[in-house]
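**Q** For reference, this is start.txt, and it has compact mmCIF, C-alpha atoms.
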```txt
# COMPACT_ATOMS: atom_id res chain seq x y z
CA MET A 1 117.07 128.58 126.64
CA ASN A 2 115.86 131.46 124.56
CA ILE A 3 112.78 131.36 122.46
CA ASN A 4 113.91 132.34 119.00
CA ALA A 5 113.37 131.54 115.35
CA THR A 6 114.13 127.92 116.10
CA LEU A 7 110.47 127.77 117.12
CA ILE A 8 109.41 128.54 113.57
CA GLY A 9 111.98 126.24 112.04
CA GLN A 10 110.93 123.39 114.27
CA THR A 11 107.26 123.98 113.52
CA ILE A 12 107.99 123.74 109.80
CA ALA A 13 110.05 120.58 110.30
CA PHE A 14 107.31 119.07 112.45
CA VAL A 15 104.61 119.82 109.89
CA MET A 16 106.73 118.36 107.10
CA PHE A 17 107.43 115.17 108.96
CA VAL A 18 103.80 114.74 109.89
CA TRP A 19 102.74 115.42 106.31
CA PHE A 20 105.25 112.94 104.95
CA CYS A 21 104.20 110.31 107.45
CA MET A 22 100.53 110.84 106.63
CA LYS A 23 101.17 110.70 102.91
CA TYR A 24 103.76 107.99 102.44
CA VAL A 25 104.18 105.96 105.60
CA TRP A 26 100.84 105.37 107.23
CA PRO A 27 98.59 104.40 104.31
CA PRO A 28 100.76 101.64 102.73
CA ILE A 29 101.44 99.99 106.05
CA MET A 30 97.82 100.11 107.10
CA ALA A 31 96.86 98.76 103.68
CA ALA A 32 99.33 95.91 104.09
CA LEU A 33 97.98 95.15 107.56
CA GLU A 34 94.43 95.23 106.27
CA GLU A 35 95.32 93.02 103.34
CA ARG A 36 97.05 90.53 105.57
CA LYS A 37 94.01 90.46 107.81
CA THR A 38 91.69 89.61 104.94
CA LYS A 39 94.19 87.07 103.64
CA ILE A 40 94.31 85.33 106.97
CA GLU A 41 90.54 85.37 107.18
CA GLU A 42 90.31 83.88 103.71
CA GLY A 43 92.89 81.28 104.57
CA LEU A 44 91.01 80.24 107.68
CA ALA A 45 87.76 80.03 105.74
CA ALA A 46 89.45 77.94 103.05
CA ALA A 47 90.91 75.62 105.65
CA GLU A 48 87.49 75.14 107.18
CA ARG A 49 86.00 74.48 103.78
CA GLY A 50 88.73 71.98 103.02
CA GLU A 51 88.12 70.19 106.28
CA LYS A 52 84.44 69.92 105.52
CA GLU A 53 85.15 68.61 102.07
CA HIS A 54 87.56 66.11 103.48
CA GLU A 55 84.96 64.92 105.93
CA LEU A 56 82.44 64.56 103.13
CA ALA A 57 84.89 62.63 101.00
CA GLU A 58 85.70 60.32 103.87
CA LYS A 59 82.01 59.65 104.40
CA LYS A 60 81.59 58.91 100.73
CA ALA A 61 84.58 56.59 100.75
CA THR A 62 83.23 54.58 103.65
CA GLU A 63 79.92 54.37 101.87
CA VAL A 64 81.57 53.07 98.74
CA ILE A 65 83.55 50.55 100.74
CA HIS A 66 80.38 49.33 102.44
CA GLU A 67 78.65 48.98 99.12
CA ALA A 68 81.57 47.13 97.64
CA ARG A 69 81.70 44.81 100.59
CA ALA A 70 77.99 44.06 100.32
CA GLU A 71 78.35 43.42 96.62
CA ALA A 72 81.31 41.16 97.17
CA SER A 73 79.44 39.09 99.74
CA ASP A 74 76.50 38.85 97.34
CA ILE A 75 78.78 37.62 94.63
CA ILE A 76 80.35 35.08 96.94
CA ASN A 77 76.95 33.83 98.03
CA LEU A 78 75.83 33.53 94.45
CA ALA A 79 78.99 31.67 93.56
CA ASN A 80 78.51 29.33 96.48
CA VAL A 81 74.95 28.60 95.42
CA ARG A 82 76.05 28.10 91.85
CA ALA A 83 78.83 25.77 92.93
CA GLY A 84 76.35 23.72 94.96
CA GLU A 85 74.07 23.55 92.01
CA MET A 86 76.90 22.46 89.77
CA VAL A 87 77.92 19.74 92.19
CA GLU A 88 74.32 18.54 92.38
CA GLU A 89 74.06 18.59 88.61
CA ALA A 90 77.29 16.67 88.23
CA LYS A 91 76.13 14.17 90.80
CA GLY A 92 72.84 13.68 88.95
CA LYS A 93 74.63 13.24 85.65
CA ALA A 94 77.02 10.76 87.15
CA VAL A 95 74.17 8.76 88.64
CA GLU A 96 72.41 8.80 85.29
CA GLU A 97 75.53 7.72 83.50
CA ALA A 98 76.10 4.96 86.00
CA ALA A 99 72.55 3.77 85.52
CA LYS A 100 73.06 3.79 81.77
CA VAL A 101 76.29 1.89 82.04
CA LYS A 102 74.66 -0.59 84.39
CA LYS A 103 71.79 -1.01 82.03
CA GLY A 104 74.12 -1.60 79.07
CA ALA A 105 76.14 -4.06 81.06
CA ALA A 106 72.99 -5.92 82.12
CA ALA A 107 71.80 -6.12 78.52
CA GLU A 108 75.17 -7.37 77.40
CA ILE A 109 75.20 -9.93 80.16
CA GLU A 110 71.74 -11.04 79.18
CA GLN A 111 72.77 -11.31 75.59
CA GLU A 112 75.84 -13.21 76.53
CA VAL A 113 73.80 -15.47 78.73
CA ALA A 114 71.33 -16.04 75.88
CA SER A 115 74.04 -16.81 73.37
CA ALA A 116 75.81 -19.02 75.87
CA ARG A 117 72.55 -20.83 76.48
CA GLU A 118 72.00 -21.17 72.76
CA SER A 119 75.45 -22.61 72.17
CA LEU A 120 75.12 -24.79 75.23
CA ARG A 121 71.75 -26.01 73.95
CA GLN A 122 73.23 -26.68 70.59
CA GLU A 123 76.19 -28.43 72.07
CA VAL A 124 74.03 -30.43 74.43
CA SER A 125 71.66 -31.31 71.62
CA GLY A 126 74.66 -32.23 69.43
CA LEU A 127 76.00 -34.33 72.25
CA ALA A 128 72.62 -35.84 72.78
CA ILE A 129 72.32 -36.57 69.13
CA SER A 130 75.77 -38.04 68.90
CA ALA A 131 75.09 -40.05 72.03
CA ALA A 132 71.79 -41.15 70.65
CA GLU A 133 73.46 -41.86 67.34
CA GLN A 134 76.03 -43.98 69.13
CA ILE A 135 73.33 -45.75 71.01
CA ILE A 136 70.89 -46.07 68.26
CA LYS A 137 73.29 -46.37 65.31
CA SER A 138 72.90 -49.97 65.08
CA GLU A 139 69.18 -50.17 65.35
CA ILE A 140 67.71 -46.82 64.34
CA ASP A 141 67.95 -45.01 61.09
CA ALA A 142 68.78 -41.37 61.58
CA LYS A 143 66.51 -40.30 58.75
CA LYS A 144 63.58 -42.15 60.16
CA HIS A 145 63.71 -40.63 63.57
CA LYS A 146 64.70 -37.03 62.75
CA LYS A 147 61.34 -35.64 63.60
CA LEU A 148 61.43 -37.12 67.02
CA ILE A 149 64.98 -35.84 67.68
CA ASP A 150 64.06 -32.28 66.65
CA LYS A 151 61.13 -32.35 69.06
CA VAL A 152 63.37 -33.43 71.90
CA SER A 153 65.99 -30.82 71.06
CA SER A 154 63.41 -28.00 71.03
CA GLN A 155 62.08 -29.26 74.37
CA LEU A 156 65.66 -29.01 75.69
CA GLY A 157 65.99 -25.46 74.42
CA ALA A 158 62.82 -24.44 76.26
CA ALA A 159 64.09 -25.87 79.49
CA MET B 1 134.76 117.08 131.26
CA SER B 2 136.03 118.72 128.16
CA GLY B 3 139.76 119.07 128.58
CA GLU B 4 139.92 122.75 129.56
CA ASN B 5 139.92 123.76 133.18
CA LEU B 6 136.35 124.75 133.67
CA THR B 7 134.66 125.33 136.96
CA SER B 8 131.61 123.23 137.67
CA SER B 9 129.19 126.04 136.92
CA GLU B 10 130.99 126.87 133.70
CA TYR B 11 130.84 123.22 132.72
CA ILE B 12 127.10 123.06 133.36
CA LYS B 13 126.52 126.33 131.56
CA HIS B 14 128.52 125.12 128.61
CA HIS B 15 126.44 121.98 128.38
CA LEU B 16 123.21 123.88 128.56
CA THR B 17 124.06 126.42 125.89
CA ASN B 18 122.70 126.00 122.41
CA LEU B 19 124.70 126.57 119.30
CA THR B 20 122.88 129.75 118.33
CA TYR B 21 123.43 131.43 115.01
CA GLY B 22 122.19 134.95 114.48
CA GLN B 23 122.99 138.62 114.25
CA HIS B 24 125.16 140.03 116.98
CA PRO B 25 124.20 143.43 118.41
CA ASP B 26 127.03 144.98 116.43
CA GLY B 27 125.44 143.77 113.20
CA SER B 28 127.76 140.91 112.33
CA LEU B 29 126.39 137.39 111.74
CA GLY B 30 127.82 134.50 113.70
CA ILE B 31 127.66 132.00 116.51
CA ALA B 32 126.67 133.35 119.91
CA HIS B 33 129.21 132.64 122.63
CA GLY B 34 127.27 132.01 125.79
CA SER B 35 123.62 132.31 126.50
CA GLU B 36 123.80 136.06 127.18
CA ALA B 37 125.11 136.65 123.70
CA ALA B 38 122.39 134.41 122.33
CA LYS B 39 119.77 136.41 124.20
CA GLU B 40 121.07 139.60 122.73
CA MET B 41 120.46 138.24 119.26
CA GLY B 42 116.75 138.49 119.93
CA PHE B 43 114.12 136.35 118.26
CA TRP B 44 115.73 136.07 114.85
CA ALA B 45 118.40 133.57 115.75
CA LEU B 46 118.53 129.87 115.07
CA ASN B 47 119.62 127.07 117.39
CA LEU B 48 121.67 125.10 114.89
CA ASP B 49 122.16 122.11 117.19
CA THR B 50 118.47 121.70 117.95
CA MET B 51 117.51 122.09 114.32
CA GLY B 52 120.26 119.81 113.06
CA VAL B 53 119.81 116.96 115.50
CA SER B 54 116.03 117.00 115.36
CA ILE B 55 115.91 117.09 111.58
CA ILE B 56 118.49 114.32 111.27
CA LEU B 57 116.44 112.22 113.69
CA GLY B 58 113.28 113.12 111.81
CA PHE B 59 114.88 111.79 108.66
CA VAL B 60 115.97 108.65 110.50
CA PHE B 61 112.33 108.11 111.40
CA ILE B 62 111.17 108.88 107.86
CA TYR B 63 113.85 106.69 106.31
CA PHE B 64 113.13 103.54 108.27
CA PHE B 65 109.37 103.85 108.24
CA LYS B 66 109.28 104.75 104.57
CA LYS B 67 111.50 101.77 103.83
CA ALA B 68 109.16 99.52 105.72
CA ALA B 69 106.15 101.13 104.07
CA SER B 70 107.42 100.77 100.53
CA THR B 71 108.28 97.11 101.00
CA ALA B 72 105.18 96.36 103.04
CA THR B 73 103.32 93.34 101.80
CA ALA B 74 100.56 91.20 103.18
CA GLY B 75 103.00 88.29 103.31
CA VAL B 76 105.22 87.28 106.19
CA PRO B 77 106.85 90.50 107.47
CA GLY B 78 110.60 90.80 107.84
CA GLY B 79 112.42 92.20 110.86
CA LEU B 80 112.09 95.93 110.15
CA GLN B 81 108.59 95.63 108.78
CA ASN B 82 107.57 93.58 111.78
CA PHE B 83 108.87 96.22 114.16
CA VAL B 84 107.30 99.07 112.24
CA GLU B 85 103.99 97.25 112.07
CA TRP B 86 104.13 96.58 115.76
CA VAL B 87 104.69 100.30 116.50
CA ILE B 88 102.00 101.33 114.06
CA GLU B 89 99.50 98.91 115.50
CA PHE B 90 100.30 100.18 118.98
CA VAL B 91 99.73 103.78 117.89
CA ASP B 92 96.63 102.83 115.96
CA GLU B 93 95.27 101.07 119.02
CA SER B 94 95.94 104.16 121.15
CA VAL B 95 94.18 106.36 118.62
CA LYS B 96 91.20 104.03 118.38
CA ASP B 97 90.95 103.91 122.16
CA SER B 98 90.69 107.63 122.72
CA PHE B 99 89.76 109.22 119.41
CA ASN B 100 86.15 108.76 118.39
CA GLY B 101 85.92 110.89 115.27
CA LYS B 102 87.15 110.06 111.81
CA ASN B 103 90.26 111.90 110.74
CA PRO B 104 93.07 110.48 108.62
CA LEU B 105 95.51 112.98 110.12
CA VAL B 106 95.38 111.95 113.75
CA ALA B 107 97.03 108.55 113.62
CA PRO B 108 100.03 109.57 111.44
CA LEU B 109 100.39 112.67 113.60
CA ALA B 110 100.45 110.54 116.73
CA LEU B 111 102.97 108.16 115.15
CA THR B 112 105.27 110.99 114.11
CA ILE B 113 105.09 112.56 117.55
CA PHE B 114 105.71 109.27 119.31
CA ILE B 115 108.69 108.11 117.27
CA TRP B 116 110.29 111.50 116.78
CA ILE B 117 110.16 112.34 120.47
CA ILE B 118 111.49 108.90 121.41
CA LEU B 119 114.42 109.36 119.04
CA MET B 120 115.17 112.85 120.31
CA ASN B 121 114.84 111.81 123.94
CA THR B 122 117.10 108.84 123.32
CA MET B 123 119.92 111.26 122.54
CA ASP B 124 119.90 111.82 126.26
CA LEU B 125 121.31 108.34 126.76
CA VAL B 126 124.43 109.14 124.78
CA PRO B 127 127.00 110.00 127.42
CA VAL B 128 126.83 113.74 128.01
CA ASP B 129 130.35 114.58 126.92
CA TYR B 130 130.75 112.47 123.78
CA LEU B 131 129.07 114.60 121.16
CA PRO B 132 129.89 118.06 122.59
CA HIS B 133 133.52 117.07 122.94
CA LEU B 134 133.60 115.69 119.41
CA ALA B 135 132.03 118.91 118.20
CA SER B 136 134.50 121.09 120.05
CA MET B 137 137.35 119.12 118.48
CA MET B 138 135.83 120.00 115.12
CA GLY B 139 135.66 123.65 116.09
CA VAL B 140 132.02 123.84 117.11
CA PRO B 141 131.99 125.66 120.44
CA TYR B 142 128.58 124.55 121.76
CA LEU B 143 126.39 121.53 121.20
CA LYS B 144 123.27 120.68 123.10
CA VAL B 145 122.57 117.21 121.93
CA VAL B 146 119.05 116.54 123.15
CA PRO B 147 116.62 118.62 121.08
CA THR B 148 113.77 118.05 123.53
CA THR B 149 115.70 120.00 126.17
CA ASP B 150 115.24 123.05 123.97
CA PRO B 151 111.89 124.70 124.69
CA ASN B 152 111.86 125.95 121.12
CA LEU B 153 111.29 122.44 119.92
CA THR B 154 108.73 121.38 122.49
CA PHE B 155 106.79 124.61 122.03
CA ALA B 156 106.95 124.22 118.28
CA MET B 157 105.36 120.80 118.49
CA ALA B 158 102.82 121.94 121.05
CA LEU B 159 101.94 124.94 118.90
CA GLY B 160 101.45 122.66 115.92
CA VAL B 161 99.07 120.55 117.97
CA PHE B 162 97.37 123.70 119.30
CA CYS B 163 96.76 124.97 115.79
CA LEU B 164 95.17 121.65 114.91
CA ILE B 165 92.98 121.85 118.02
CA LEU B 166 91.78 125.31 117.01
CA PHE B 167 91.35 124.31 113.37
CA TYR B 168 89.26 121.25 114.06
CA SER B 169 87.28 122.89 116.84
CA ILE B 170 86.18 125.60 114.43
CA LYS B 171 85.77 123.20 111.52
CA ILE B 172 83.63 120.66 113.36
CA LYS B 173 81.65 122.92 115.67
CA GLY B 174 81.65 126.08 113.60
CA PRO B 175 82.94 129.38 114.98
CA GLY B 176 79.68 129.88 116.91
CA GLY B 177 79.74 126.42 118.36
CA PHE B 178 83.34 126.78 119.41
CA PHE B 179 82.61 130.13 121.03
CA ALA B 180 79.55 128.66 122.76
CA GLU B 181 81.71 125.89 124.15
CA LEU B 182 84.11 128.47 125.56
CA ALA B 183 81.50 130.93 126.79
CA PHE B 184 78.51 128.98 128.13
CA HIS B 185 80.33 126.40 130.06
CA PRO B 186 80.69 125.35 132.88
CA PHE B 187 78.48 128.07 134.43
CA PRO B 188 75.17 129.47 133.12
CA LYS B 189 75.13 132.12 130.40
CA TYR B 190 75.01 135.20 132.60
CA LEU B 191 78.47 134.32 133.89
CA MET B 192 79.87 134.43 130.37
CA PRO B 193 83.00 136.49 131.04
CA PHE B 194 83.96 134.23 133.86
CA ASN B 195 83.33 131.15 131.70
CA LEU B 196 85.32 132.62 128.88
CA PHE B 197 88.24 133.34 131.14
CA LEU B 198 88.20 129.85 132.61
CA GLU B 199 87.89 128.06 129.30
CA LEU B 200 90.51 130.20 127.59
CA VAL B 201 92.96 129.50 130.36
CA SER B 202 92.30 125.77 130.12
CA LEU B 203 92.56 125.95 126.34
CA ILE B 204 95.90 127.77 126.42
CA ALA B 205 97.11 125.51 129.19
CA LYS B 206 96.90 122.58 126.82
CA PRO B 207 99.86 123.44 124.54
CA ILE B 208 101.82 125.04 127.37
CA SER B 209 101.50 121.97 129.55
CA LEU B 210 102.36 119.72 126.61
CA ALA B 211 105.50 121.69 125.83
CA LEU B 212 106.65 122.27 129.39
CA ARG B 213 106.04 118.71 130.53
CA LEU B 214 108.30 117.28 127.86
CA PHE B 215 110.87 120.06 128.15
CA GLY B 216 110.94 119.90 131.94
CA ASN B 217 111.35 116.17 132.15
CA MET B 218 114.10 115.98 129.59
CA TYR B 219 115.87 119.08 130.88
CA ALA B 220 115.88 117.71 134.40
CA GLY B 221 117.09 114.34 133.21
CA GLU B 222 119.87 115.92 131.19
CA MET B 223 120.78 118.08 134.15
CA ILE B 224 121.19 115.04 136.36
CA PHE B 225 123.42 113.38 133.77
CA ILE B 226 125.55 116.53 133.74
CA LEU B 227 125.72 116.60 137.52
CA ILE B 228 126.70 112.93 137.62
CA ALA B 229 129.42 113.71 135.09
CA LEU B 230 130.86 116.20 137.57
CA LEU B 231 131.32 113.54 140.24
CA PRO B 232 134.58 111.66 140.75
CA TRP B 233 135.21 108.90 138.26
CA GLY B 234 134.24 105.99 140.54
CA ALA B 235 130.90 107.44 141.47
CA GLN B 236 130.07 108.40 137.92
CA TRP B 237 129.23 105.09 136.41
CA VAL B 238 127.73 103.74 139.64
CA LEU B 239 125.15 106.52 139.42
CA SER B 240 125.05 107.01 135.69
CA LEU B 241 124.01 103.47 134.88
CA PRO B 242 120.95 103.31 137.15
CA TRP B 243 119.90 106.78 136.09
CA ALA B 244 120.27 105.86 132.43
CA ILE B 245 118.19 102.73 132.94
CA PHE B 246 115.54 104.74 134.74
CA HIS B 247 115.75 107.36 132.05
CA ILE B 248 114.81 104.82 129.37
CA LEU B 249 111.43 104.72 131.05
CA ILE B 250 111.16 108.51 130.99
CA VAL B 251 112.23 108.64 127.35
CA VAL B 252 109.40 106.38 126.26
CA LEU B 253 106.89 107.59 128.81
CA GLN B 254 107.21 111.25 127.85
CA ALA B 255 106.82 110.41 124.18
CA PHE B 256 103.77 108.33 125.00
CA ILE B 257 102.25 111.07 127.16
CA PHE B 258 102.75 113.69 124.45
CA MET B 259 101.15 111.40 121.91
CA THR B 260 98.22 110.37 124.07
CA LEU B 261 97.44 113.93 125.15
CA THR B 262 97.58 115.06 121.53
CA ILE B 263 95.05 112.39 120.62
CA VAL B 264 92.84 113.29 123.55
CA TYR B 265 92.94 117.03 122.82
CA LEU B 266 92.11 116.45 119.18
CA SER B 267 89.33 114.08 120.19
CA MET B 268 87.89 116.81 122.39
CA ALA B 269 88.13 119.22 119.48
CA HIS B 270 86.08 116.80 117.39
CA GLU B 271 83.34 116.24 119.92
CA GLU B 272 80.18 118.18 119.24
CA SER B 273 79.39 118.93 122.88
CA HIS B 274 80.16 117.60 126.28
```
Here is the file; what I need is its structure written in the form of structure tokens.
**A**
Amino acid sequence: MNINATLIGQTIAFVMFVWFCMKYVWPPIMAALEERKTKIEEGLAAAERGEKEHELAEKKATEVIHEARAEASDIINLANVRAGEMVEEAKGKAVEEAAKVKKGAAAEIEQEVASARESLRQEVSGLAISAAEQIIKSEIDAKKHKKLIDKVSSQLGAA
Amino acid sequence: MSGENLTSSEYIKHHLTNLTYGQHPDGSLGIAHGSEAAKEMGFWALNLDTMGVSIILGFVFIYFFKKAASTATAGVPGGLQNFVEWVIEFVDESVKDSFNGKNPLVAPLALTIFIWIILMNTMDLVPVDYLPHLASMMGVPYLKVVPTTDPNLTFAMALGVFCLILFYSIKIKGPGGFFAELAFHPFPKYLMPFNLFLELVSLIAKPISLALRLFGNMYAGEMIFILIALLPWGAQWVLSLPWAIFHILIVVLQAFIFMTLTIVYLSMAHEESH
């Protein structure tokens, strides 16, 4: 418990330790702490920025989806209209075609009827002539009465 | 107890004697046997145990903190770095709380004081006979393990702090300003001698109280450990354990008080006027 030169020795040791601590221990650790602090701050800021960007992107995506949906419904509507038009067109064409076919058929029928009538007339007139020939053979000369027979046959055709 | 048949007072004396190296009155150099012999050596003697243990512990502090400092990165800290950072942030917080000026010395000073004193005080928790007995088996007659129970050490630290107080007082306030603070305060100018006396006493009381507070606490604690060691075996550990647990508080508290008062004194030295 005596005060002796240990006092001086300890003072020197104390000063050296403090000096060393001040020079080599404190600054790097404080620098690291400071650096970490700024890093964390930066990280937080970046996270916030990212979140905002994400939000923006989501908004944009929903917008795009909406647009696409609207476009799709437009297209569908258009297609529906077009399909209706096409059906109408086809219907019209079909009706037209049917009318044409009907018309052709009617003409043919008419023609057929006319030719049938002609042949019938001819046949009937032939029959009439042959009948008349049979009847008249004995008394009437065919050459003599030709004019009269032609007149009758034309009258038959008109009927 | 260390093997030989010592009386209780001899045992206590043995434990409280430093390993002092110096010049005997007859002129020969050597280890002083007993505190009387150490006293006869006068001022120019060295307490080898105090010096040795404190410097080893100082290097322990330097080694671990330097290791943490040189590997310190802003990334995720490892175990040692985490601990060191925690201590440093605690000290930094204490300095910021009570020190208003700007001085790059104060915080490292406070850290060194805090950790070094904790380490030296912690030697108190090593059972009182272990190291002295080991030393005596190696032929070293005395070993006082706890450096903070040596007033040389506590006064050395307090004197270091005191020099800093004086240095910064004069540097910040100027010699005139420092003198004015001592002379014209707290009473009016015409009571200058009285002021001077009061302020000088309070100024000198700062390092003395710093040194004696730490020394007294640790000396008393050590003394109680020694006394407990004198009790019968059964009573020893029943008392030693609670006292050791309580002593952990004192170990840290005294280091903290020394550090905080150092910061406060230096803060006062930096303040222009109060």
**Q** List every residue of chain A that has an atom at most 10 Å from any atom of chain B, giving for each one its closest atom pair and the distance in Å to one decimal, counting only C-alpha atoms, sorted by chain and then by ascending residue number, as JSON lines.
**A**
```
{"residue": "A:Met1", "atom": "CA", "partner": "B:Asp150", "partner_atom": "CA", "distance": 6.4}
{"residue": "A:Asn2", "atom": "CA", "partner": "B:Lys39", "partner_atom": "CA", "distance": 6.3}
{"residue": "A:Ile3", "atom": "CA", "partner": "B:Asn152", "partner_atom": "CA", "distance": 5.6}
{"residue": "A:Asn4", "atom": "CA", "partner": "B:Phe43", "partner_atom": "CA", "distance": 4.1}
{"residue": "A:Ala5", "atom": "CA", "partner": "B:Trp44", "partner_atom": "CA", "distance": 5.1}
{"residue": "A:Thr6", "atom": "CA", "partner": "B:Leu46", "partner_atom": "CA", "distance": 4.9}
{"residue": "A:Leu7", "atom": "CA", "partner": "B:Asn152", "partner_atom": "CA", "distance": 4.6}
{"residue": "A:Ile8", "atom": "CA", "partner": "B:Ala156", "partner_atom": "CA", "distance": 6.8}
{"residue": "A:Gly9", "atom": "CA", "partner": "B:Met51", "partner_atom": "CA", "distance": 7.3}
{"residue": "A:Gln10", "atom": "CA", "partner": "B:Ala156", "partner_atom": "CA", "distance": 5.7}
{"residue": "A:Thr11", "atom": "CA", "partner": "B:Ala156", "partner_atom": "CA", "distance": 4.8}
{"residue": "A:Ile12", "atom": "CA", "partner": "B:Ala156", "partner_atom": "CA", "distance": 8.6}
{"residue": "A:Ala13", "atom": "CA", "partner": "B:Ile55", "partner_atom": "CA", "distance": 6.9}
{"residue": "A:Phe14", "atom": "CA", "partner": "B:Met157", "partner_atom": "CA", "distance": 6.6}
{"residue": "A:Val15", "atom": "CA", "partner": "B:Gly160", "partner_atom": "CA", "distance": 7.4}
{"residue": "A:Met16", "atom": "CA", "partner": "B:Gly58", "partner_atom": "CA", "distance": 9.6}
{"residue": "A:Phe17", "atom": "CA", "partner": "B:Gly58", "partner_atom": "CA", "distance": 6.8}
{"residue": "A:Val18", "atom": "CA", "partner": "B:Leu109", "partner_atom": "CA", "distance": 5.4}
{"residue": "A:Trp19", "atom": "CA", "partner": "B:Leu109", "partner_atom": "CA", "distance": 8.1}
{"residue": "A:Phe20", "atom": "CA", "partner": "B:Ile62", "partner_atom": "CA", "distance": 7.7}
{"residue": "A:Cys21", "atom": "CA", "partner": "B:Pro108", "partner_atom": "CA", "distance": 5.8}
{"residue": "A:Met22", "atom": "CA", "partner": "B:Pro108", "partner_atom": "CA", "distance": 5.0}
{"residue": "A:Lys23", "atom": "CA", "partner": "B:Pro108", "partner_atom": "CA", "distance": 8.7}
{"residue": "A:Tyr24", "atom": "CA", "partner": "B:Lys66", "partner_atom": "CA", "distance": 6.7}
{"residue": "A:Val25", "atom": "CA", "partner": "B:Lys66", "partner_atom": "CA", "distance": 5.3}
{"residue": "A:Trp26", "atom": "CA", "partner": "B:Pro108", "partner_atom": "CA", "distance": 6.0}
{"residue": "A:Pro27", "atom": "CA", "partner": "B:Ala69", "partner_atom": "CA", "distance": 8.2}
{"residue": "A:Pro28", "atom": "CA", "partner": "B:Ala69", "partner_atom": "CA", "distance": 5.6}
{"residue": "A:Ile29", "atom": "CA", "partner": "B:Ala69", "partner_atom": "CA", "distance": 5.2}
{"residue": "A:Met30", "atom": "CA", "partner": "B:Ile88", "partner_atom": "CA", "distance": 8.2}
{"residue": "A:Ala31", "atom": "CA", "partner": "B:Ala74", "partner_atom": "CA", "distance": 8.4}
{"residue": "A:Ala32", "atom": "CA", "partner": "B:Ala74", "partner_atom": "CA", "distance": 5.0}
{"residue": "A:Leu33", "atom": "CA", "partner": "B:Ala74", "partner_atom": "CA", "distance": 6.4}
{"residue": "A:Glu34", "atom": "CA", "partner": "B:Ala74", "partner_atom": "CA", "distance": 8.0}
{"residue": "A:Glu35", "atom": "CA", "partner": "B:Ala74", "partner_atom": "CA", "distance": 5.5}
{"residue": "A:Arg36", "atom": "CA", "partner": "B:Ala74", "partner_atom": "CA", "distance": 4.3}
{"residue": "A:Lys37", "atom": "CA", "partner": "B:Ala74", "partner_atom": "CA", "distance": 8.1}
{"residue": "A:Thr38", "atom": "CA", "partner": "B:Ala74", "partner_atom": "CA", "distance": 9.2}
{"residue": "A:Lys39", "atom": "CA", "partner": "B:Ala74", "partner_atom": "CA", "distance": 7.6}
{"residue": "A:Ile40", "atom": "CA", "partner": "B:Ala74", "partner_atom": "CA", "distance": 9.4}
```
**Q** Convert the current residue selection to file output with C-alpha atoms, as a compact mmCIF listing (two decimals), keeping the file's coordinate frame.
**A**
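As a result, out-v6.txt now contains:
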```txt
# COMPACT_ATOMS: atom_id res chain seq x y z
CA MET A 1 117.07 128.58 126.64
CA ASN A 2 115.86 131.46 124.56
CA ILE A 3 112.78 131.36 122.46
CA ASN A 4 113.91 132.34 119.00
CA ALA A 5 113.37 131.54 115.35
CA THR A 6 114.13 127.92 116.10
CA LEU A 7 110.47 127.77 117.12
CA ILE A 8 109.41 128.54 113.57
CA GLY A 9 111.98 126.24 112.04
CA GLN A 10 110.93 123.39 114.27
CA THR A 11 107.26 123.98 113.52
CA ILE A 12 107.99 123.74 109.80
CA ALA A 13 110.05 120.58 110.30
CA PHE A 14 107.31 119.07 112.45
CA VAL A 15 104.61 119.82 109.89
CA MET A 16 106.73 118.36 107.10
CA PHE A 17 107.43 115.17 108.96
CA VAL A 18 103.80 114.74 109.89
CA TRP A 19 102.74 115.42 106.31
CA PHE A 20 105.25 112.94 104.95
CA CYS A 21 104.20 110.31 107.45
CA MET A 22 100.53 110.84 106.63
CA LYS A 23 101.17 110.70 102.91
CA TYR A 24 103.76 107.99 102.44
CA VAL A 25 104.18 105.96 105.60
CA TRP A 26 100.84 105.37 107.23
CA PRO A 27 98.59 104.40 104.31
CA PRO A 28 100.76 101.64 102.73
CA ILE A 29 101.44 99.99 106.05
CA MET A 30 97.82 100.11 107.10
CA ALA A 31 96.86 98.76 103.68
CA ALA A 32 99.33 95.91 104.09
CA LEU A 33 97.98 95.15 107.56
CA GLU A 34 94.43 95.23 106.27
CA GLU A 35 95.32 93.02 103.34
CA ARG A 36 97.05 90.53 105.57
CA LYS A 37 94.01 90.46 107.81
CA THR A 38 91.69 89.61 104.94
CA LYS A 39 94.19 87.07 103.64
CA ILE A 40 94.31 85.33 106.97
```
**Q** Go ahead and compute the interatomic distance for atom CA of Ile31 of chain B and atom CA of Thr148 of chain B, in Å to one decimal.
**A** 20.9 Å
**Q** Give me, please, the distance in Å between atom CA of Val87 of chain A and atom CA of Asp74 of chain A, quoted to one decimal.
**A**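 Result for atom CA of Val87 of chain A versus atom CA of Asp74 of chain A: 19.8 Å, one decimal.
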**Q** Could you tell me how far atom CA of Val128 of chain B lies from atom CA of Leu210 of chain B, in Å and to one decimal?
**A**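 Computed distance, atom CA of Val128 of chain B to atom CA of Leu210 of chain B, equals 25.2 Å.
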**Q** May I ask which of the residues B:Ala180, B:Gly30, B:Leu241, B:Val201 is the closest one to Pro141 of chain B, counting only C-alpha atoms?
**A** B:Gly30
**Q** Using all atoms listed in the file, which of B:Val146, B:Val91, B:Ala183, B:Ala220 sits nearest Leu57 of chain B?
**A**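 Smallest distance to Leu57 of chain B is found for B:Val146.
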**Q** Got a sec: who's within 7 Å of Pro186 of chain B, counting all atoms listed in the file, leaving out chain neighbours fewer than 2 positions off, as a list in words?
**A**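 Here the qualifying residues turn out to be Phe184, Pro188 and Asn195 of chain B.
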